[in-house]
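Student: Hey, dropping entry_27.tsv in here, TSV, C-alpha atoms:
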chain	number	residue	atom	x	y	z
A	150	MET	CA	6.00	-1.90	0.18
A	151	ARG	CA	5.39	-1.12	-3.44
A	152	MET	CA	3.18	-2.25	-6.29
A	153	SER	CA	4.73	-4.19	-9.11
A	154	GLU	CA	5.57	-2.25	-12.24
A	155	GLY	CA	2.98	-4.41	-13.99
A	156	VAL	CA	0.29	-2.16	-12.51
A	157	GLU	CA	1.70	0.86	-14.32
A	158	TRP	CA	2.01	-1.11	-17.56
A	159	GLY	CA	-1.51	-2.49	-17.28
A	160	LEU	CA	-3.10	0.90	-16.65
A	161	HIS	CA	-1.26	2.45	-19.59
A	162	CYS	CA	-2.30	-0.44	-21.84
A	163	CYS	CA	-5.95	-0.10	-20.81
A	164	VAL	CA	-5.91	3.66	-21.50
A	165	THR	CA	-4.16	3.13	-24.82
A	166	LEU	CA	-6.59	0.38	-25.86
A	167	GLY	CA	-9.39	2.77	-24.96
A	168	TRP	CA	-7.95	5.49	-27.17
A	169	LEU	CA	-7.35	2.99	-30.00
A	170	ASP	CA	-10.80	1.48	-29.67
A	171	GLU	CA	-11.55	2.03	-33.38
A	172	HIS	CA	-8.35	0.22	-34.31
A	173	ALA	CA	-8.72	-2.71	-31.92
A	174	PRO	CA	-7.63	-5.39	-31.50
A	175	VAL	CA	-4.03	-4.27	-30.99
A	176	SER	CA	-1.32	-6.90	-31.21
A	177	ILE	CA	0.92	-7.62	-28.23
A	178	ARG	CA	3.89	-6.87	-30.46
A	179	ARG	CA	2.68	-3.35	-31.16
A	180	LEU	CA	1.76	-2.72	-27.53
A	181	ALA	CA	5.26	-3.83	-26.46
A	182	LEU	CA	6.84	-1.61	-29.12
A	183	TRP	CA	4.59	1.27	-28.15
A	184	PHE	CA	5.89	1.34	-24.57
A	185	ASP	CA	9.24	-0.41	-25.13
A	186	LEU	CA	8.26	-3.20	-22.73
A	187	PRO	CA	9.41	-6.83	-22.74
A	188	GLN	CA	6.76	-8.59	-24.79
A	189	GLU	CA	6.64	-11.89	-22.91
A	190	TYR	CA	6.35	-10.24	-19.52
A	191	LEU	CA	3.77	-7.76	-20.77
A	192	LYS	CA	1.77	-10.70	-22.11
A	193	LYS	CA	1.50	-12.19	-18.61
A	194	ARG	CA	0.09	-8.89	-17.35
A	195	LEU	CA	-2.46	-8.71	-20.17
A	196	GLN	CA	-3.44	-12.30	-19.48
A	197	ALA	CA	-4.08	-11.39	-15.85
A	198	LEU	CA	-6.32	-8.56	-17.05
A	199	ALA	CA	-8.12	-11.04	-19.31
A	200	ARG	CA	-8.71	-13.41	-16.38
A	201	ALA	CA	-10.26	-10.48	-14.55
A	202	GLY	CA	-12.61	-9.83	-17.46
A	203	ILE	CA	-11.08	-6.47	-18.36
A	204	LEU	CA	-9.33	-7.38	-21.61
A	205	THR	CA	-9.99	-9.95	-24.27
A	206	SER	CA	-7.68	-11.33	-26.91
A	207	SER	CA	-8.40	-12.66	-30.37
A	208	PRO	CA	-6.08	-14.98	-32.27
A	209	GLY	CA	-4.64	-14.73	-35.74
A	210	ILE	CA	-2.56	-12.34	-37.79
A	211	ARG	CA	-5.11	-9.56	-37.31
A	212	GLY	CA	-5.77	-10.57	-33.73
A	213	GLY	CA	-4.73	-8.85	-30.54
A	214	TRP	CA	-6.03	-7.22	-27.40
A	215	SER	CA	-9.00	-5.02	-26.67
A	216	LEU	CA	-11.13	-3.85	-23.75
A	217	THR	CA	-14.09	-6.10	-23.01
A	218	ARG	CA	-16.38	-3.22	-22.10
A	219	PRO	CA	-16.63	0.57	-22.31
A	220	ALA	CA	-13.77	2.34	-20.52
A	221	GLU	CA	-16.42	4.13	-18.42
A	222	ARG	CA	-17.14	0.79	-16.77
A	223	ILE	CA	-13.61	-0.25	-15.87
A	224	THR	CA	-12.33	1.21	-12.61
A	225	VAL	CA	-8.69	1.77	-11.72
A	226	MET	CA	-9.37	-0.42	-8.68
A	227	GLU	CA	-10.29	-3.37	-10.90
A	228	VAL	CA	-7.08	-3.06	-12.90
A	229	VAL	CA	-4.93	-2.79	-9.76
A	230	ALA	CA	-6.71	-5.77	-8.16
A	231	ALA	CA	-6.15	-7.87	-11.29
A	232	LEU	CA	-2.43	-7.13	-11.39
A	233	GLU	CA	-1.44	-7.02	-7.76
A	234	ASP	CA	-1.48	-10.19	-5.69
A	235	GLY	CA	-3.20	-9.37	-2.45
A	236	LEU	CA	-4.41	-5.86	-1.80
A	237	ASP	CA	-4.12	-6.05	1.97
A	238	LEU	CA	-1.35	-3.62	2.80
A	239	PHE	CA	-1.46	-4.54	6.47
A	240	ARG	CA	-1.61	-8.09	7.71
A	241	CYS	CA	-2.76	-8.59	11.29
A	242	THR	CA	-1.03	-11.55	12.93
A	243	GLU	CA	-2.85	-11.03	16.24
A	244	VAL	CA	0.30	-9.96	18.04
A	245	ARG	CA	-1.93	-8.95	20.97
A	246	GLN	CA	-2.71	-12.61	21.67
A	247	ARG	CA	0.90	-13.73	21.81
A	248	GLY	CA	3.36	-14.13	24.65
A	249	ALA	CA	2.94	-13.17	28.28
A	250	GLY	CA	0.70	-10.28	27.28
A	251	GLY	CA	-2.06	-12.38	25.78
A	252	ALA	CA	-1.78	-15.32	28.16
A	253	ASN	CA	-4.42	-14.24	30.67
A	254	ALA	CA	-6.83	-12.37	28.44
A	255	THR	CA	-10.51	-13.23	28.23
A	256	ASP	CA	-11.95	-14.68	25.04
A	257	ALA	CA	-14.35	-11.75	24.96
A	258	GLU	CA	-11.52	-9.26	24.52
A	259	PHE	CA	-10.11	-11.00	21.48
A	260	ALA	CA	-13.50	-11.62	19.96
A	261	GLU	CA	-13.41	-7.95	18.99
A	262	THR	CA	-11.23	-6.86	16.07
A	263	CYS	CA	-7.91	-5.48	17.21
A	264	GLY	CA	-8.10	-1.66	17.16
A	265	ILE	CA	-4.80	-1.45	15.28
A	266	SER	CA	-6.08	-3.76	12.58
A	267	ALA	CA	-9.33	-1.79	12.37
A	268	VAL	CA	-7.54	1.53	11.81
A	269	MET	CA	-5.21	0.03	9.21
A	270	ARG	CA	-8.17	-1.50	7.41
A	271	ARG	CA	-10.02	1.78	7.44
A	272	ALA	CA	-7.08	3.49	5.77
A	273	GLU	CA	-6.88	0.77	3.13
A	274	MET	CA	-10.56	1.19	2.43
A	275	ALA	CA	-10.01	4.92	1.86
A	276	TRP	CA	-7.29	4.03	-0.65
A	277	ARG	CA	-9.47	1.51	-2.44
A	278	ARG	CA	-12.46	3.83	-2.52
A	279	GLU	CA	-10.35	6.43	-4.31
A	280	LEU	CA	-9.11	3.88	-6.85
A	281	ALA	CA	-12.67	2.69	-7.40
A	282	ALA	CA	-13.86	6.26	-7.96
A	283	HIS	CA	-11.81	6.61	-11.15
A	284	THR	CA	-12.33	4.78	-14.41
A	285	ILE	CA	-10.17	4.13	-17.45
A	286	ALA	CA	-12.39	6.66	-19.24
A	287	ASP	CA	-11.44	9.31	-16.64
A	288	LEU	CA	-7.78	8.62	-17.33
A	289	MET	CA	-8.38	8.84	-21.08
A	290	GLU	CA	-10.07	12.23	-20.70
A	291	ARG	CA	-7.29	13.62	-18.54
A	292	SER	CA	-4.88	13.55	-21.45
A	293	PRO	CA	-6.39	14.85	-24.69
A	294	GLN	CA	-2.86	15.34	-26.01
A	295	GLY	CA	-2.07	11.71	-25.30
A	296	ALA	CA	-5.22	10.60	-27.09
A	297	GLU	CA	-4.42	12.64	-30.19
A	298	ARG	CA	-0.78	11.56	-30.22
A	299	THR	CA	-1.65	7.91	-29.70
A	300	ARG	CA	-4.19	7.77	-32.51
A	301	ARG	CA	-1.90	9.64	-34.90
A	302	ASP	CA	1.35	7.81	-34.13
A	303	TYR	CA	-0.17	4.38	-33.71
A	304	LEU	CA	-1.55	4.45	-37.25
A	305	ARG	CA	1.88	5.53	-38.46
A	306	MET	CA	3.55	2.68	-36.55
A	307	ALA	CA	0.92	0.15	-37.62
A	308	GLY	CA	1.57	1.10	-41.23
A	309	SER	CA	5.26	0.34	-40.92
A	310	ALA	CA	5.43	-2.35	-38.20
B	115	MET	CA	2.56	-5.46	-1.74
B	116	ARG	CA	2.48	-5.65	2.00
B	117	MET	CA	3.88	-3.81	4.99
B	118	SER	CA	6.55	-5.50	7.05
B	119	GLU	CA	5.40	-7.20	10.23
B	120	GLY	CA	7.52	-4.62	12.06
B	121	VAL	CA	4.69	-2.14	11.59
B	122	GLU	CA	2.32	-4.33	13.58
B	123	TRP	CA	4.94	-4.87	16.28
B	124	GLY	CA	5.77	-1.18	16.50
B	125	LEU	CA	2.16	-0.09	16.81
B	126	HIS	CA	1.50	-2.65	19.55
B	127	CYS	CA	4.62	-1.56	21.41
B	128	CYS	CA	3.61	2.10	21.24
B	129	VAL	CA	0.11	1.33	22.54
B	130	THR	CA	1.54	-0.86	25.29
B	131	LEU	CA	4.10	1.76	26.31
B	132	GLY	CA	1.24	4.24	26.44
B	133	TRP	CA	-0.75	1.99	28.76
B	134	LEU	CA	2.32	1.34	30.91
B	135	ASP	CA	3.28	4.99	31.06
B	136	GLU	CA	3.42	4.97	34.87
B	137	HIS	CA	5.77	2.00	34.78
B	138	ALA	CA	8.07	3.27	32.03
B	139	PRO	CA	10.70	2.72	30.94
B	140	VAL	CA	9.99	-0.85	29.87
B	141	SER	CA	12.94	-3.09	29.08
B	142	ILE	CA	13.30	-4.61	25.62
B	143	ARG	CA	13.43	-8.01	27.29
B	144	ARG	CA	10.01	-7.54	28.83
B	145	LEU	CA	8.53	-6.12	25.63
B	146	ALA	CA	9.84	-9.12	23.70
B	147	LEU	CA	8.43	-11.50	26.34
B	148	TRP	CA	5.15	-9.64	26.37
B	149	PHE	CA	4.51	-10.27	22.67
B	150	ASP	CA	6.76	-13.33	22.21
B	151	LEU	CA	8.84	-11.51	19.61
B	152	PRO	CA	12.53	-12.01	18.73
B	153	GLN	CA	14.30	-9.50	20.94
B	154	GLU	CA	17.10	-8.50	18.58
B	155	TYR	CA	14.76	-7.92	15.67
B	156	LEU	CA	12.29	-6.04	17.85
B	157	LYS	CA	15.15	-3.84	19.02
B	158	LYS	CA	15.84	-2.72	15.46
B	159	ARG	CA	12.21	-1.68	15.12
B	160	LEU	CA	12.27	0.27	18.38
B	161	GLN	CA	15.50	1.95	17.29
B	162	ALA	CA	13.78	3.04	14.08
B	163	LEU	CA	10.99	4.54	16.20
B	164	ALA	CA	13.62	6.30	18.31
B	165	ARG	CA	15.25	7.79	15.19
B	166	ALA	CA	11.82	9.11	14.26
B	167	GLY	CA	11.49	10.79	17.66
B	168	ILE	CA	8.62	8.58	18.80
B	169	LEU	CA	10.40	6.45	21.42
B	170	THR	CA	13.36	7.07	23.65
B	171	SER	CA	15.54	4.58	25.48
B	172	SER	CA	17.45	4.90	28.71
B	173	PRO	CA	20.39	2.69	29.66
B	174	GLY	CA	21.04	0.64	32.75
B	175	ILE	CA	19.42	-2.14	34.71
B	176	ARG	CA	16.28	-0.04	35.28
B	177	GLY	CA	16.44	1.40	31.78
B	178	GLY	CA	14.26	0.66	28.79
B	179	TRP	CA	11.87	2.21	26.34
B	180	SER	CA	9.20	4.86	26.64
B	181	LEU	CA	7.19	7.24	24.46
B	182	THR	CA	8.84	10.61	23.96
B	183	ARG	CA	5.57	12.52	24.08
B	184	PRO	CA	1.91	12.08	25.01
B	185	ALA	CA	0.18	9.35	22.99
B	186	GLU	CA	-2.33	11.99	21.84
B	187	ARG	CA	0.48	13.52	19.82
B	188	ILE	CA	1.76	10.43	18.03
B	189	THR	CA	-0.17	9.51	14.89
B	190	VAL	CA	-0.43	6.06	13.39
B	191	MET	CA	0.99	7.62	10.21
B	192	GLU	CA	4.19	8.59	12.02
B	193	VAL	CA	4.70	5.08	13.33
B	194	VAL	CA	4.08	3.51	9.91
B	195	ALA	CA	6.40	6.01	8.21
B	196	ALA	CA	9.16	5.27	10.73
B	197	LEU	CA	8.94	1.52	10.20
B	198	GLU	CA	8.23	1.18	6.52
B	199	ASP	CA	10.86	2.11	3.95
B	200	GLY	CA	9.17	4.22	1.35
B	201	LEU	CA	5.48	4.91	1.59
B	202	ASP	CA	4.93	5.33	-2.13
B	203	LEU	CA	2.76	2.39	-3.06
B	204	PHE	CA	2.90	3.29	-6.74
B	205	ARG	CA	6.07	4.25	-8.51
B	206	CYS	CA	5.65	6.08	-11.82
B	207	THR	CA	8.42	5.20	-14.27
B	208	GLU	CA	7.00	7.46	-16.99
B	209	VAL	CA	6.00	4.55	-19.18
B	210	ARG	CA	4.13	7.08	-21.36
B	211	GLN	CA	7.45	8.55	-22.53
B	212	ARG	CA	8.96	5.24	-23.60
B	213	GLY	CA	9.08	3.45	-26.91
B	214	ALA	CA	7.36	4.34	-30.15
B	215	GLY	CA	4.46	5.87	-28.22
B	216	GLY	CA	6.46	8.62	-26.58
B	217	ALA	CA	8.84	9.24	-29.46
B	218	ASN	CA	6.96	12.08	-31.14
B	219	ALA	CA	5.29	13.72	-28.16
B	220	THR	CA	5.69	17.38	-27.35
B	221	ASP	CA	7.57	18.45	-24.25
B	222	ALA	CA	4.44	20.30	-23.15
B	223	GLU	CA	2.48	17.07	-22.85
B	224	PHE	CA	4.98	15.42	-20.53
B	225	ALA	CA	5.47	18.56	-18.47
B	226	GLU	CA	2.11	17.69	-16.91
B	227	THR	CA	1.93	14.88	-14.37
B	228	CYS	CA	0.76	11.62	-15.90
B	229	GLY	CA	-2.95	11.17	-15.14
B	230	ILE	CA	-2.35	7.60	-13.98
B	231	SER	CA	0.28	8.75	-11.53
B	232	ALA	CA	-2.01	11.53	-10.30
B	233	VAL	CA	-4.88	9.15	-9.54
B	234	MET	CA	-2.59	6.68	-7.79
B	235	ARG	CA	-1.11	9.48	-5.71
B	236	ARG	CA	-4.54	10.73	-4.79
B	237	ALA	CA	-5.48	7.29	-3.48
B	238	GLU	CA	-2.28	7.09	-1.46
B	239	MET	CA	-3.01	10.47	0.04
B	240	ALA	CA	-6.45	9.21	1.15
B	241	TRP	CA	-4.72	6.27	2.85
B	242	ARG	CA	-2.18	8.50	4.57
B	243	ARG	CA	-4.82	11.00	5.69
B	244	GLU	CA	-6.70	8.21	7.42
B	245	LEU	CA	-3.54	6.97	9.17
B	246	ALA	CA	-2.72	10.53	10.20
B	247	ALA	CA	-6.22	10.99	11.62
B	248	HIS	CA	-5.64	8.38	14.33
B	249	THR	CA	-3.26	8.62	17.25
B	250	ILE	CA	-1.73	6.09	19.61
B	251	ALA	CA	-4.11	7.51	22.25
B	252	ASP	CA	-7.07	6.61	20.01
B	253	LEU	CA	-5.80	3.05	19.81
B	254	MET	CA	-5.32	2.94	23.58
B	255	GLU	CA	-8.90	4.08	24.16
B	256	ARG	CA	-10.32	1.54	21.76
B	257	SER	CA	-9.36	-1.31	24.05
B	258	PRO	CA	-10.16	-0.62	27.71
B	259	GLN	CA	-9.91	-4.37	28.35
B	260	GLY	CA	-6.43	-4.41	26.85
B	261	ALA	CA	-5.39	-1.48	29.01
B	262	GLU	CA	-6.63	-3.14	32.18
B	263	ARG	CA	-5.12	-6.52	31.29
B	264	THR	CA	-1.78	-4.97	30.32
B	265	ARG	CA	-1.40	-2.98	33.52
B	266	ARG	CA	-2.42	-5.95	35.68
B	267	ASP	CA	-0.38	-8.65	33.94
B	268	TYR	CA	2.66	-6.53	33.24
B	269	LEU	CA	3.15	-5.83	36.94
B	270	ARG	CA	2.78	-9.54	37.60
B	271	MET	CA	5.38	-10.37	34.93
B	272	ALA	CA	7.71	-7.59	36.04
B	273	GLY	CA	7.60	-9.00	39.56
B	274	SER	CA	8.74	-12.40	38.36
B	275	ALA	CA	10.79	-11.63	35.23
For this file, produce the structure as structure tokens.
Tutor:
Amino acid sequence: MRMSEGVEWGLHCCVTLGWLDEHAPVSIRRLALWFDLPQEYLKKRLQALARAGILTSSPGIRGGWSLTRPAERITVMEVVAALEDGLDLFRCTEVRQRGAGGANATDAEFAETCGISAVMRRAEMAWRRELAAHTIADLMERSPQGAERTRRDYLRMAGSA
Amino acid sequence: MRMSEGVEWGLHCCVTLGWLDEHAPVSIRRLALWFDLPQEYLKKRLQALARAGILTSSPGIRGGWSLTRPAERITVMEVVAALEDGLDLFRCTEVRQRGAGGANATDAEFAETCGISAVMRRAEMAWRRELAAHTIADLMERSPQGAERTRRDYLRMAGSA
């Protein structure tokens, strides 16, 4: 049970696009170079973020990718949800209703949510709440060194690549 | 990103073994019949719970499976951890250090945990805390109808099967 690596890529791209806001849009080629990621596969991830309304792309030789709104208004939860198919960690298949065990139960019993499912859901909600409590702007602020390095080295790379 | 169905099976088996405590041990054949689950595959899940010290099995015609300790002292987290390989939902591959972006960074910057990784870890800890806050006994208490039905129908099945 693990998230796809696209979630890590997408979060780093969002933070980097936030830091490079003054220099946006940033081309897919430069983003791929920046993190040494496979360009075509990265593009699919950025397109998923665009479908979720987090990124936007502009065409042309000076085109590229940028955040659609201030980084303060993009939560980590939104980015994860855009990149990960299905956020339900636990899937209840109503095991309690199956077999000899469930055969003679009343409808009333199964009308209530299974207690196991309820506890698993509660834990997932705690996870999601935490992801929703942090924004891309929070991540940007956590690494002032990263911000400074990104702005400095990106301009250097953009000048040569 | 989803847990294996074995987690659902294992939790239901633990709750059922808790309810049937007076009638333990319960044979794998009856547990499989009870939930209409494939016996050999279920066995692997119960063996994983035994390795984690949650269940124990006894051999022989009257043998079977039982909880190793009171249900009050078995958390949902323990059961999930025993049945799911790797509980790290997010794996940090240090994308920040790769490519042109990481090339000219200082060692000091990367000595600190990546902010993205830290937020993801924090969310996972919230999930785990919630799973650790509930025990098998809590799940047993949540369904008095299930307890009553299980004790009644299991004895009926055990008489005939």
Student: Looking at only C-alpha atoms, which of B:Ile175, B:Val209, B:Ala225, B:Leu269 is the one that sits closest to chain A?
Tutor: B:Val209
Student: Restricting the calculation to all atoms listed in the file: of A:Gly248, A:Gly212, A:Gly308, A:Pro293, which residue gets closest to chain B?
Tutor: A:Gly248
Student: Select, from B:Met191, B:Arg212, B:Trp133, B:Ala138, the residue with the minimum atom-to-atom distance to B:Arg243, counting all atoms listed in the file.
Tutor: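 Nearest to B:Arg243: B:Met191.
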Student: As an exercise, work out the distance from atom CA of B:Ala217 to atom CA of A:Cys163 in Å and give it to one decimal place.
Tutor: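 Distance reported for this atom pair: 19.5 Å.
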Student: In Å, with one decimal, what is the gap from atom CA of A:Trp276 to atom CA of B:Met239?
Tutor: 7.8 Å
Student: Which residue, B:Arg116, B:Arg143, B:Arg165, B:Arg183, has the smallest gap to chain A when you use only C-alpha atoms?
Tutor: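 Of the candidates, the smallest distance to chain A is held by B:Arg116.
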Student: When you draw a straight line from atom CA of A:Ile177 to atom CA of A:Ala296, how long is it in Å?
Tutor: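 Separating atom CA of A:Ile177 from atom CA of A:Ala296 is a distance of 19.3 Å.
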Student: What residues have an atom no more than 8 Å from (6.7, 4.8, 11.5) in the file's own frame, counting all atoms listed in the file, and can you write them as a ChimeraX atom specification?
Tutor: /B:121,124,162-163,166,190-198
Student: Counting only C-alpha atoms, what is within 7 Å of B:Thr170, bar same-chain residues fewer than 6 positions away, as a PyMOL selection string?
Tutor: chain B and resi 164+179-182
Student: So which one's closest to A:Ile265, B:Thr207, B:Met117, B:Trp123, B:Tyr268? Using only C-alpha atoms, please.
Tutor: B:Trp123
Student: Using only C-alpha atoms, which of A:Arg222, A:Arg179, A:Arg194, A:Arg211 sits nearest chain B?
Tutor: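 Closest candidate: A:Arg179.
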Student: I'd like the contact shell of A:Arg298 - 9 Å cut-off, only C-alpha atoms, skipping same-chain residues fewer than 6 positions apart - returned as a list in words.
Tutor: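 Returned residues: Gly215, Gly216, Asn218 and Ala219 of chain B.
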Student: Can you spit out stretch 149-169 of chain B with N, CA and C atoms, as a CSV table (one decimal), in the first residue's frame, from the structure just given?
Tutor:
chain,number,residue,atom,x,y,z
B,149,PHE,N,-17.3,-16.9,6.9
B,149,PHE,CA,-17.2,-15.6,6.1
B,149,PHE,C,-17.2,-16.0,4.6
B,150,ASP,N,-17.3,-17.3,4.2
B,150,ASP,CA,-17.2,-17.7,2.8
B,150,ASP,C,-15.9,-17.1,2.2
B,151,LEU,N,-14.8,-17.5,2.8
B,151,LEU,CA,-13.5,-17.0,2.3
B,151,LEU,C,-12.7,-18.3,1.9
B,152,PRO,N,-11.8,-18.1,1.0
B,152,PRO,CA,-10.9,-19.2,0.5
B,152,PRO,C,-10.0,-19.6,1.7
B,153,GLN,N,-10.2,-20.9,2.1
B,153,GLN,CA,-9.5,-21.4,3.3
B,153,GLN,C,-8.0,-21.2,3.3
B,154,GLU,N,-7.4,-21.6,2.2
B,154,GLU,CA,-5.9,-21.6,2.1
B,154,GLU,C,-5.4,-20.2,2.2
B,155,TYR,N,-6.1,-19.2,1.6
B,155,TYR,CA,-5.6,-17.9,1.6
B,155,TYR,C,-5.9,-17.2,2.9
B,156,LEU,N,-7.0,-17.6,3.5
B,156,LEU,CA,-7.3,-17.1,4.9
B,156,LEU,C,-6.2,-17.6,5.9
B,157,LYS,N,-5.8,-18.8,5.7
B,157,LYS,CA,-4.8,-19.4,6.6
B,157,LYS,C,-3.5,-18.6,6.6
B,158,LYS,N,-3.1,-18.1,5.4
B,158,LYS,CA,-1.9,-17.3,5.3
B,158,LYS,C,-2.1,-16.0,6.2
B,159,ARG,N,-3.3,-15.5,6.1
B,159,ARG,CA,-3.5,-14.2,6.9
B,159,ARG,C,-3.5,-14.5,8.4
B,160,LEU,N,-4.1,-15.6,8.8
B,160,LEU,CA,-4.1,-16.0,10.2
B,160,LEU,C,-2.7,-16.3,10.7
B,161,GLN,N,-1.9,-16.9,9.8
B,161,GLN,CA,-0.5,-17.2,10.2
B,161,GLN,C,0.3,-15.9,10.3
B,162,ALA,N,0.0,-14.9,9.5
B,162,ALA,CA,0.7,-13.6,9.7
B,162,ALA,C,0.3,-13.0,11.0
B,163,LEU,N,-1.0,-13.1,11.4
B,163,LEU,CA,-1.4,-12.6,12.7
B,163,LEU,C,-0.8,-13.4,13.9
B,164,ALA,N,-0.5,-14.7,13.6
B,164,ALA,CA,0.2,-15.5,14.6
B,164,ALA,C,1.6,-15.0,14.8
B,165,ARG,N,2.3,-14.7,13.7
B,165,ARG,CA,3.7,-14.3,13.7
B,165,ARG,C,3.8,-12.9,14.5
B,166,ALA,N,2.7,-12.2,14.4
B,166,ALA,CA,2.7,-10.9,15.1
B,166,ALA,C,2.2,-11.0,16.6
B,167,GLY,N,2.0,-12.3,17.0
B,167,GLY,CA,1.6,-12.5,18.4
B,167,GLY,C,0.2,-12.1,18.7
B,168,ILE,N,-0.7,-12.1,17.7
B,168,ILE,CA,-2.1,-11.7,18.0
B,168,ILE,C,-2.9,-12.9,18.1
B,169,LEU,N,-2.7,-13.9,17.2
B,169,LEU,CA,-3.4,-15.2,17.3
B,169,LEU,C,-2.5,-16.3,17.6
